[in-house]
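Written out below as structure tokens is the structure these notes cover.
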Amino acid sequence: MQKEAFQAAWPIVLGYVVLGIPCGILGVAAGMDVWMIAIMSLLFYSGAGQYMIPNMWLAGNPISAIIASVALVNTRQMLYGASLSQFCGSAGKRLAFIFGATVTDESFGVNLARMINGNWSVKHALLVNLFSLTSWTVSNVAGALIGSAISLPTALASFAMTSLFICLLCMQKVTPANLVAVFGSIAGVIACKCVGLAGPAILIGALVGVGAAFAFSSVRHDDRNTTMKVGE
């Protein structure tokens, strides 16, 4: 079981090494100790959110904006849980809880595909999560140690955050609603920058994108219902 799980998880492990080291460097640049970064890497749900915290802190954003932004980004975890819960019926509550508490973006995709195809239990999936989480934590600690030992430009590490969000964006299904969300968010951030709201720009931009996509989907749904009624 461990061998099968590691074979499924090793691409995630390699990716987390590349992303985890810059994240640890950023954490040190933001004033965190190595032990803080280690605990955060173990207990925090989202690597994307973990990147946001030091970046937004270094940019001078208030704590309230950081909490709200990270919480908004992490709402996707609820969708992950809803998608995976159908495969946890035969698992015990403790096993299902630990599995749900260790899901990441990448392990979700790997485990969901294998569960749909069959012959992939919650124990297999949990091992994939744990391999991924371990590599993320070790890489963050390594980055923190590197950042503490030598001085590296934070701009170089910050670029990894941009790359991470681009990867998350590319993983999404291309639909009209998603495109509206993307361009709406971009427009919201640009508008905030133009009027001098640099601090909450990311949060406001994300809310604008989500609101625009929701409004677009609602209007499109109403139009479809109207068309169906006319056709009838």
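A note on labels: chains of the structure tokens are A, B, ... as shown, every chain counts residues from 1, and ligands are counted from 1 in their shown order.
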Residues of range 38-190 of chain A in helix (DSSP H, G or I), written as a PyMOL selection string: chain A and resi 38-43+47-58+63-73+76-87+93-101+105-117+122-149+154-171+176-190
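By only C-alpha atoms, and with residues fewer than 3 positions from Ala142 in chain A along its chain excluded, the set lying at most 12 Å from it is Tyr16, Val17, Val18, Leu19, Gly20, Ile21, Pro22, Cys23, Gly24, Ile25, Leu26, Gly27, Val28, Val34, Trp35, Ile37, Ala38, Ser41, Ser135, Trp136, Thr137, Val138, Ser139, Leu145, Ile146, Gly147, Ser148 and Ala149 of chain A.
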Using only C-alpha atoms, which protein or nucleic acid residues come within 9 Å of Met1 in chain A? Drop anything in the same chain fewer than 2 positions from it, and give the result as a list in words. Lys3, Glu4, Ala5, Phe6, Lys123, His124 and Leu127 of chain A
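From CA of Ile67 in chain A back to CA of Phe97 in chain A, the distance works out to 24.0 Å.
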Write out as a PDB file with C-alpha atoms, in the first residue's frame which residues come within 9 Å of range 80-87 of chain A when counting only C-alpha atoms, dropping same-chain ones fewer than 4 positions away.
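Dumped everything to selection-v3.pdb:
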ATOM      1  CA  ARG A  76     -12.242  25.617  -2.071  1.00  0.00           C
ATOM      2  CA  ALA A  91     -13.952   4.448   6.548  1.00  0.00           C
ATOM      3  CA  ALA A  96     -12.019  10.137   7.455  1.00  0.00           C
ATOM      4  CA  GLY A 100     -10.039  15.377   5.177  1.00  0.00           C
ATOM      5  CA  VAL A 103      -6.107  17.202   1.602  1.00  0.00           C
ATOM      6  CA  THR A 104      -4.191  19.568  -0.677  1.00  0.00           C
ATOM      7  CA  ASP A 105      -4.959  20.833  -4.181  1.00  0.00           C
ATOM      8  CA  PHE A 108      -7.147  15.984  -4.183  1.00  0.00           C
ATOM      9  CA  ASN A 111      -6.854  10.768  -5.150  1.00  0.00           C
ATOM     10  CA  LEU A 112     -10.154  11.722  -6.766  1.00  0.00           C
ATOM     11  CA  MET A 115     -11.047   6.730  -6.400  1.00  0.00           C
ATOM     12  CA  ILE A 116     -13.333   7.198  -9.381  1.00  0.00           C
ATOM     13  CA  SER A 121      -9.132   3.198  -0.561  1.00  0.00           C
ATOM     14  CA  VAL A 122      -9.175   6.051   1.943  1.00  0.00           C
TER      15      VAL A 122
END
Contacts of Ser185 in chain A at 8 Å (only C-alpha atoms; same-chain gap of 2+ positions) as an MDAnalysis selection string: chainID A and resid 181:183 187:189 205:210
Keeping C-alpha atoms for every residue in the selection just given, could you write it to a file as a PDB file, in the first residue's frame?
ATOM      1  CA  ALA A 181     -14.137  35.474 -12.559  1.00  0.00           C
ATOM      2  CA  VAL A 182     -10.558  35.788 -13.829  1.00  0.00           C
ATOM      3  CA  PHE A 183     -11.036  39.021 -15.754  1.00  0.00           C
ATOM      4  CA  ALA A 187     -10.136  44.456 -13.229  1.00  0.00           C
ATOM      5  CA  GLY A 188     -10.893  44.742  -9.508  1.00  0.00           C
ATOM      6  CA  VAL A 189      -7.223  44.680  -8.527  1.00  0.00           C
ATOM      7  CA  GLY A 205     -10.357  41.963  -6.606  1.00  0.00           C
ATOM      8  CA  ALA A 206     -11.178  38.382  -5.612  1.00  0.00           C
ATOM      9  CA  LEU A 207     -14.607  39.427  -4.311  1.00  0.00           C
ATOM     10  CA  VAL A 208     -15.304  41.355  -7.520  1.00  0.00           C
ATOM     11  CA  GLY A 209     -14.349  38.322  -9.605  1.00  0.00           C
ATOM     12  CA  VAL A 210     -16.476  35.924  -7.584  1.00  0.00           C
TER      13      VAL A 210
END
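The two atoms in question, CA of Val128 in chain A and CA of Ala101 in chain A, are spaced 12.7 Å apart.
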Using only C-alpha atoms, which of the listed residues (A:Ser46, A:Ser151, A:Gln7, A:Ser218) sits closest to Asn74 in chain A? A:Ser46
Atom pair CA of Phe216 in chain A / CA of Thr175 in chain A: separation (Å): 11.5 Å
